[in-house]
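The data block below is data.cif; it holds mmCIF, C-alpha atoms.
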```cif
data_target
#
loop_
_atom_site.label_atom_id
_atom_site.label_comp_id
_atom_site.auth_asym_id
_atom_site.auth_seq_id
_atom_site.Cartn_x
_atom_site.Cartn_y
_atom_site.Cartn_z
CA MET I 14 -10.41 32.30 19.33
CA THR I 15 -13.66 34.24 19.14
CA ILE I 16 -16.73 35.28 21.08
CA PHE I 17 -18.85 33.75 18.29
CA PRO I 18 -17.63 30.15 17.78
CA GLU I 19 -20.91 29.29 16.05
CA PHE I 20 -19.80 31.53 13.17
CA PHE I 21 -17.46 28.75 12.01
CA GLU I 22 -19.78 25.75 12.28
CA GLY I 23 -21.04 25.83 8.69
CA PRO I 24 -17.87 26.78 6.78
CA LEU I 25 -15.66 24.26 8.59
CA GLY I 26 -17.94 21.40 7.59
CA ILE I 27 -18.20 21.84 3.83
CA SER I 28 -16.22 21.43 0.62
CA LEU I 29 -12.50 20.65 0.62
CA LEU I 30 -12.02 22.38 3.96
CA GLY I 31 -14.49 20.08 5.69
CA LYS I 32 -12.97 17.06 3.96
CA ALA I 33 -9.45 18.04 5.08
CA ILE I 34 -10.68 18.18 8.68
CA ARG I 35 -12.49 14.84 8.40
CA ASP I 36 -9.40 13.26 6.81
CA GLU I 37 -7.33 14.64 9.73
CA ARG I 38 -4.99 16.57 7.47
CA VAL I 39 -5.57 19.50 9.79
CA HIS I 40 -7.11 19.98 13.23
CA ILE I 41 -9.19 23.11 13.81
CA SER I 42 -10.96 24.01 17.02
CA CYS I 43 -12.93 27.11 17.98
CA ARG I 44 -12.47 28.52 21.47
CA ASN I 45 -14.89 30.94 23.09
CA ILE I 46 -12.96 33.80 24.67
CA ARG I 47 -15.86 34.32 27.08
CA ASP I 48 -14.94 31.03 28.75
CA LYS I 49 -12.02 32.88 30.34
CA ALA I 50 -14.09 35.79 31.63
CA THR I 51 -13.98 36.26 35.38
CA ASP I 52 -17.60 37.21 36.01
CA LYS I 53 -20.89 35.37 35.65
CA HIS I 54 -21.89 37.48 32.64
CA GLY I 55 -18.92 36.40 30.53
CA THR I 56 -17.71 39.97 30.13
CA VAL I 57 -14.73 40.35 27.79
CA ASP I 58 -14.86 44.11 27.07
CA ASP I 59 -14.72 47.43 28.89
CA THR I 60 -14.75 51.18 28.23
CA PRO I 61 -11.59 52.73 26.75
CA TYR I 62 -9.17 54.70 28.89
CA GLY I 63 -9.08 58.31 27.75
CA GLY I 64 -12.67 58.23 26.57
CA GLY I 65 -14.10 57.48 23.18
CA SER I 66 -16.95 55.55 21.62
CA GLY I 67 -17.50 51.82 21.82
CA MET I 68 -15.94 49.13 23.92
CA ILE I 69 -12.48 47.52 23.93
CA MET I 70 -11.76 43.81 24.33
CA ALA I 71 -9.86 43.33 27.60
CA PRO I 72 -6.46 41.59 27.57
CA GLY I 73 -7.14 39.11 30.39
CA PRO I 74 -9.59 36.67 28.73
CA ILE I 75 -7.59 36.70 25.50
CA VAL I 76 -4.19 36.06 27.06
CA ASP I 77 -5.63 33.45 29.42
CA SER I 78 -7.18 31.69 26.42
CA LEU I 79 -3.88 31.71 24.53
CA GLU I 80 -2.00 30.28 27.49
CA SER I 81 -4.57 27.59 28.17
CA ILE I 82 -4.42 26.44 24.55
CA ASP I 83 -0.63 26.19 24.72
CA ALA I 84 -0.90 24.18 27.92
CA GLU I 85 -3.46 21.84 26.36
CA PHE I 86 -1.42 21.11 23.24
CA GLY I 87 1.94 21.16 24.97
CA THR I 88 3.46 23.52 22.43
CA GLN I 89 3.75 27.26 21.95
CA ALA I 90 1.33 28.46 19.30
CA HIS I 91 2.26 31.03 16.69
CA ARG I 92 -0.15 33.76 17.73
CA ILE I 93 -1.95 35.93 15.18
CA SER I 94 -4.24 38.81 16.12
CA LEU I 95 -6.66 40.12 13.50
CA THR I 96 -7.03 43.89 13.35
CA PRO I 97 -7.57 46.49 10.58
CA SER I 98 -4.31 48.14 11.68
CA GLY I 99 -2.25 44.99 11.10
CA THR I 100 0.01 43.99 8.22
CA PRO I 101 -2.04 43.22 5.06
CA LEU I 102 -2.50 39.48 4.53
CA SER I 103 -0.56 38.03 1.60
CA GLN I 104 0.06 34.66 -0.01
CA ASN I 105 3.55 34.69 1.47
CA HIS I 106 2.02 34.76 4.96
CA LEU I 107 0.00 31.66 4.14
CA LYS I 108 3.00 29.81 2.74
CA ARG I 109 5.02 30.56 5.85
CA TRP I 110 2.24 29.61 8.25
CA LYS I 111 1.58 26.33 6.44
CA SER I 112 4.82 24.91 7.82
CA LEU I 113 3.96 25.76 11.44
CA GLU I 114 2.68 23.06 13.78
CA HIS I 115 0.30 25.16 15.85
CA ILE I 116 -1.39 28.50 15.12
CA ALA I 117 -3.75 30.49 17.34
CA ILE I 118 -5.87 33.16 15.65
CA VAL I 119 -7.48 35.87 17.78
CA CYS I 120 -10.65 37.43 16.35
CA GLY I 121 -11.17 40.98 17.52
CA ARG I 122 -14.60 42.58 18.04
CA TYR I 123 -16.14 45.87 19.17
CA GLU I 124 -13.76 48.84 18.74
CA GLY I 125 -10.73 46.58 18.92
CA ILE I 126 -8.42 44.75 21.31
CA ASP I 127 -6.41 46.25 24.15
CA ALA I 128 -3.11 47.25 22.51
CA ARG I 129 -1.07 45.32 25.07
CA VAL I 130 -2.20 42.07 23.48
CA GLY I 131 -0.67 43.03 20.13
CA ASP I 132 2.41 44.61 21.68
CA HIS I 133 3.37 41.81 24.07
CA PHE I 134 1.36 38.60 23.67
CA VAL I 135 1.05 37.78 19.95
CA ASN I 136 3.59 37.20 17.19
CA GLU I 137 1.83 39.05 14.39
CA GLU I 138 -1.04 41.46 13.82
CA ILE I 139 -2.74 40.88 10.46
CA SER I 140 -5.36 42.76 8.44
CA LEU I 141 -7.54 41.37 5.65
CA GLY I 142 -7.39 44.73 3.86
CA ASP I 143 -8.02 48.44 4.09
CA PHE I 144 -11.59 48.18 5.37
CA VAL I 145 -13.39 47.45 8.62
CA LEU I 146 -15.71 44.53 9.43
CA PHE I 147 -17.76 43.69 12.53
CA GLY I 148 -14.99 41.39 13.71
CA GLY I 149 -12.10 39.13 12.78
CA GLU I 150 -14.08 35.98 12.03
CA VAL I 151 -14.27 36.52 8.26
CA ALA I 152 -10.53 37.18 8.18
CA ALA I 153 -9.89 34.04 10.25
CA LEU I 154 -11.82 31.94 7.74
CA ALA I 155 -9.81 33.45 4.90
CA ILE I 156 -6.58 32.51 6.67
CA ILE I 157 -7.81 29.00 7.45
CA GLU I 158 -8.86 28.34 3.85
CA GLY I 159 -5.68 29.88 2.49
CA ILE I 160 -3.44 27.70 4.65
CA VAL I 161 -5.39 24.45 4.36
CA ARG I 162 -5.51 24.49 0.56
CA LEU I 163 -1.68 24.58 0.54
CA ILE I 164 -1.44 21.36 2.56
CA PRO I 165 -0.39 18.50 0.24
CA GLY I 166 -3.29 16.25 -0.70
CA VAL I 167 -6.07 18.72 0.09
CA VAL I 168 -6.44 20.02 -3.48
CA GLY I 169 -6.69 17.13 -5.93
CA ASN I 170 -4.71 18.81 -8.72
CA GLU I 171 -1.75 20.29 -6.87
CA ALA I 172 -0.47 21.93 -10.06
CA SER I 173 -3.42 24.31 -9.87
CA VAL I 174 -2.12 25.56 -6.51
CA GLU I 175 1.34 26.17 -7.95
CA GLU I 176 0.04 28.11 -10.97
CA GLU I 177 -2.59 30.29 -9.31
CA SER I 178 -2.55 34.01 -8.58
CA PHE I 179 0.30 35.32 -6.43
CA SER I 180 2.30 32.10 -6.71
CA GLU I 181 5.01 34.09 -8.52
CA ASP I 182 3.91 37.54 -7.40
CA LEU I 183 1.64 37.63 -10.44
CA LEU I 184 -2.09 37.40 -10.93
CA GLU I 185 -3.25 34.22 -12.65
CA TYR I 186 -3.60 34.18 -16.43
CA PRO I 187 -7.17 34.20 -17.88
CA GLN I 188 -8.91 30.82 -18.10
CA TYR I 189 -11.57 29.62 -20.56
CA THR I 190 -13.83 26.60 -21.05
CA ARG I 191 -16.65 25.53 -23.41
CA PRO I 192 -18.38 26.84 -25.43
CA ARG I 193 -15.72 28.10 -27.82
CA VAL I 194 -17.90 31.09 -28.70
CA TYR I 195 -20.24 32.66 -26.13
CA ARG I 196 -22.48 35.54 -27.20
CA GLY I 197 -20.01 36.53 -29.86
CA HIS I 198 -16.92 36.32 -27.62
CA GLU I 199 -14.38 33.69 -28.70
CA VAL I 200 -11.76 31.78 -26.77
CA PRO I 201 -8.26 33.00 -27.81
CA GLU I 202 -7.10 31.02 -30.83
CA ILE I 203 -3.73 30.18 -29.31
CA LEU I 204 -5.42 27.95 -26.69
CA LEU I 205 -6.96 25.76 -29.39
CA GLY I 206 -3.93 24.75 -31.43
CA GLY I 207 -2.24 22.25 -29.12
CA ASN I 208 1.12 24.05 -29.04
CA HIS I 209 1.87 23.75 -25.33
CA GLY I 210 5.02 25.84 -25.50
CA ALA I 211 3.16 28.70 -27.16
CA VAL I 212 0.35 28.37 -24.61
CA ARG I 213 2.82 28.61 -21.70
CA THR I 214 4.39 31.72 -23.19
CA TRP I 215 0.99 33.31 -23.82
CA ARG I 216 -0.16 32.55 -20.30
CA GLN I 217 2.98 34.07 -18.80
CA GLU I 218 2.49 37.20 -20.90
CA GLN I 219 -1.15 37.43 -19.89
CA ALA I 220 -0.31 36.96 -16.21
CA LYS I 221 2.16 39.85 -16.41
CA ALA I 222 -0.33 41.97 -18.36
CA ARG I 223 -3.14 41.37 -15.88
CA THR I 224 -0.85 42.11 -12.97
CA GLU I 225 0.29 45.38 -14.54
CA ARG I 226 -3.29 46.37 -15.26
CA TYR I 227 -4.91 45.46 -11.94
CA ARG I 228 -2.09 45.11 -9.37
CA ALA I 229 0.93 47.06 -10.60
CA ASP I 230 2.06 47.31 -6.99
CA LEU I 231 3.12 43.65 -7.19
CA LEU I 232 5.65 44.32 -9.94
CA PRO I 233 9.10 45.90 -9.73
CA SER I 234 9.17 49.20 -11.62
CA GLU I 235 11.40 47.84 -14.38
CA ALA I 236 8.79 45.15 -15.16
CA LEU I 237 5.99 47.62 -16.01
CA THR I 238 6.36 47.21 -19.76
CA VAL I 239 3.61 44.74 -20.72
CA THR I 240 0.41 45.97 -22.37
CA SER I 241 -2.78 44.22 -21.20
CA THR I 242 -4.66 42.42 -23.98
CA ASP I 243 -7.04 40.12 -22.14
CA LYS I 244 -9.90 42.68 -21.97
CA ASN I 245 -11.51 44.63 -24.75
CA THR I 246 -11.73 47.82 -22.64
#
```

Final structure tokens representation of the file:
Amino acid sequence: MTIFPEFFEGPLGISLLGKAIRDERVHISCRNIRDKATDKHGTVDDTPYGGGSGMIMAPGPIVDSLESIDAEFGTQAHRISLTPSGTPLSQNHLKRWKSLEHIAIVCGRYEGIDARVGDHFVNEEISLGDFVLFGGEVAALAIIEGIVRLIPGVVGNEASVEEESFSEDLLEYPQYTRPRVYRGHEVPEILLGGNHGAVRTWRQEQAKARTERYRADLLPSEALTVTSTDKNT
């Protein structure tokens, strides 16, 4: 749900996301919130009570859109509102949402959405991170991609989904391909010997090391004992 449905036309038609839609593994539709405006200008915002800069998205067109979608599909959607003040998006959100039949994502704009929407008419308020964008459309695309790639059959090699970053609350281990030596930098020798058990152990160690170095917040305090070795810095 957005006031700029054209924002999604390109991304929803390309790559594995577009193929998943064409193969009917997922159904995605964009709804223009302005369609539920009550005036001829399609107004969906108004000045904030109490004063302040900018405009606030009014609750009426948003809630009316949510209810009309539920009526159309005959099922109650799990409602997500996108706002910088929401809970930070995580892989666990995506895993949980993947199992849901129907999700409605509300893209905020302007200075935000009337707080009554988040307090009373949606299930979750989600943030893409600690920064502010023009609106929620970029965050909505991130959620769509994150969910769709978890649907069985969308990604050809499903093992890659299971082993990627955050699958076990760890960042993914470093990956390499040809050439073996690039501008004096060599692929780690352990990846060349064919000892799959040793490779698995090395990758697990590297995943822990990378997580400690770049995202220590993901690790319990007792796990902060691995020294990063995958960068020469």

Taking only residues of range 159-239 of chain I that have an atom at most 12 Å from an atom of range 110-129 of chain I, what is each one's shortest atom pair and its distance in Å to one decimal, using only C-alpha atoms, in chain and number order, as CSV?
```
residue,atom,partner,partner_atom,distance
I:Gly159,CA,I:Lys111,CA,9.0
I:Ile160,CA,I:Lys111,CA,5.5
I:Val161,CA,I:Lys111,CA,7.5
I:Arg162,CA,I:Lys111,CA,9.4
I:Leu163,CA,I:Lys111,CA,7.0
I:Ile164,CA,I:Lys111,CA,7.0
I:Pro165,CA,I:Lys111,CA,10.2
```

Mind dumping the selected residues with C-alpha atoms as a JSON list (two decimals), in the frame of the given file?
```
[["chain", "number", "residue", "atom", "x", "y", "z"],
["I", 159, "GLY", "CA", -5.68, 29.88, 2.49],
["I", 160, "ILE", "CA", -3.44, 27.70, 4.65],
["I", 161, "VAL", "CA", -5.39, 24.45, 4.36],
["I", 162, "ARG", "CA", -5.51, 24.49, 0.56],
["I", 163, "LEU", "CA", -1.68, 24.58, 0.54],
["I", 164, "ILE", "CA", -1.44, 21.36, 2.56],
["I", 165, "PRO", "CA", -0.39, 18.50, 0.24]]
```

For Val76 in chain I: contacts at 8 Å, all atoms listed in the file, fewer than 3 positions along chain excluded, given as a list in words: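 Once the nearby chain positions are removed, what remains is Pro72, Gly73, Leu79, Glu80, Val130 and Phe134 of chain I.
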
Interatomic distance (Å, one decimal) between CA of Thr190 in chain I and CA of Ala222 in chain I: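 Computed distance, CA of Thr190 in chain I to CA of Ala222 in chain I, equals 20.6 Å.
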
Contacts of Ala220 in chain I within 7 Å, all atoms listed in the file, excl. fewer than 3 positions in-chain, as a list in words: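 Here the answer would be Leu183, Leu184, Glu185, Tyr186, Arg216, Gln217, Arg223 and Thr224 of chain I.
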
Could you turn the residues from that selection into a file that holds C-alpha atoms, as a PDB file, in the frame of the given file?
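Saved as out.pdb:
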```
ATOM      1  CA  LEU I 183       1.640  37.630 -10.440  1.00  0.00           C
ATOM      2  CA  LEU I 184      -2.090  37.400 -10.930  1.00  0.00           C
ATOM      3  CA  GLU I 185      -3.250  34.220 -12.650  1.00  0.00           C
ATOM      4  CA  TYR I 186      -3.600  34.180 -16.430  1.00  0.00           C
ATOM      5  CA  ARG I 216      -0.160  32.550 -20.300  1.00  0.00           C
ATOM      6  CA  GLN I 217       2.980  34.070 -18.800  1.00  0.00           C
ATOM      7  CA  ARG I 223      -3.140  41.370 -15.880  1.00  0.00           C
ATOM      8  CA  THR I 224      -0.850  42.110 -12.970  1.00  0.00           C
TER       9      THR I 224
END
```

Could you give me, as a CSV table (one decimal) with C-alpha atoms, keeping the file's coordinate frame, the residues that have an atom at most 8 Å away from the point (0.3, 44.3, 4.7) in the coordinates of the file, using all atoms listed in the file?
```
chain,number,residue,atom,x,y,z
I,99,GLY,CA,-2.2,45.0,11.1
I,100,THR,CA,0.0,44.0,8.2
I,101,PRO,CA,-2.0,43.2,5.1
I,102,LEU,CA,-2.5,39.5,4.5
I,103,SER,CA,-0.6,38.0,1.6
I,139,ILE,CA,-2.7,40.9,10.5
I,140,SER,CA,-5.4,42.8,8.4
I,142,GLY,CA,-7.4,44.7,3.9
```

Radius query 8 Å about (0.3, 32.0, -32.8), atoms used: all atoms listed in the file, as a list in words: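 Those within range, by chain then number, are Glu202, Ile203 and Ala211 of chain I.
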
Length of the CA of Arg213 in chain I to CA of Gln188 in chain I vector [Å]: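 So the two atoms, CA of Arg213 in chain I and CA of Gln188 in chain I, lie 12.5 Å apart.
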
Test item: residues at most 8 Å from Glu138 in chain I, only C-alpha atoms, excluding those fewer than 6 positions along its chain, as a VMD selection string: chain I and resid 93 to 96 98 to 100 131

Explicit residue set for the PyMOL selection byres ((chain I and resi 23-34) around 12), as a tab-separated table (two decimals) with C-alpha atoms, in the coordinates of the input:
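What landed in expr34.tsv:
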```
chain	number	residue	atom	x	y	z
I	18	PRO	CA	-17.63	30.15	17.78
I	19	GLU	CA	-20.91	29.29	16.05
I	20	PHE	CA	-19.80	31.53	13.17
I	21	PHE	CA	-17.46	28.75	12.01
I	22	GLU	CA	-19.78	25.75	12.28
I	35	ARG	CA	-12.49	14.84	8.40
I	36	ASP	CA	-9.40	13.26	6.81
I	37	GLU	CA	-7.33	14.64	9.73
I	38	ARG	CA	-4.99	16.57	7.47
I	39	VAL	CA	-5.57	19.50	9.79
I	40	HIS	CA	-7.11	19.98	13.23
I	41	ILE	CA	-9.19	23.11	13.81
I	42	SER	CA	-10.96	24.01	17.02
I	43	CYS	CA	-12.93	27.11	17.98
I	150	GLU	CA	-14.08	35.98	12.03
I	151	VAL	CA	-14.27	36.52	8.26
I	153	ALA	CA	-9.89	34.04	10.25
I	154	LEU	CA	-11.82	31.94	7.74
I	155	ALA	CA	-9.81	33.45	4.90
I	156	ILE	CA	-6.58	32.51	6.67
I	157	ILE	CA	-7.81	29.00	7.45
I	158	GLU	CA	-8.86	28.34	3.85
I	159	GLY	CA	-5.68	29.88	2.49
I	160	ILE	CA	-3.44	27.70	4.65
I	161	VAL	CA	-5.39	24.45	4.36
I	162	ARG	CA	-5.51	24.49	0.56
I	163	LEU	CA	-1.68	24.58	0.54
I	164	ILE	CA	-1.44	21.36	2.56
I	165	PRO	CA	-0.39	18.50	0.24
I	166	GLY	CA	-3.29	16.25	-0.70
I	167	VAL	CA	-6.07	18.72	0.09
I	168	VAL	CA	-6.44	20.02	-3.48
I	169	GLY	CA	-6.69	17.13	-5.93
```

Atomic distance CA of Val200 in chain I - CA of Tyr227 in chain I, expressed in Å with one decimal: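 If I compute the distance from CA of Val200 in chain I to CA of Tyr227 in chain I, I get 21.3 Å.
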
Output check: residues returned by the PyMOL selection byres ((chain I and resi 55-57) around 9), as an MDAnalysis selection string: chainID I and resid 16 46:54 58:59 69:75
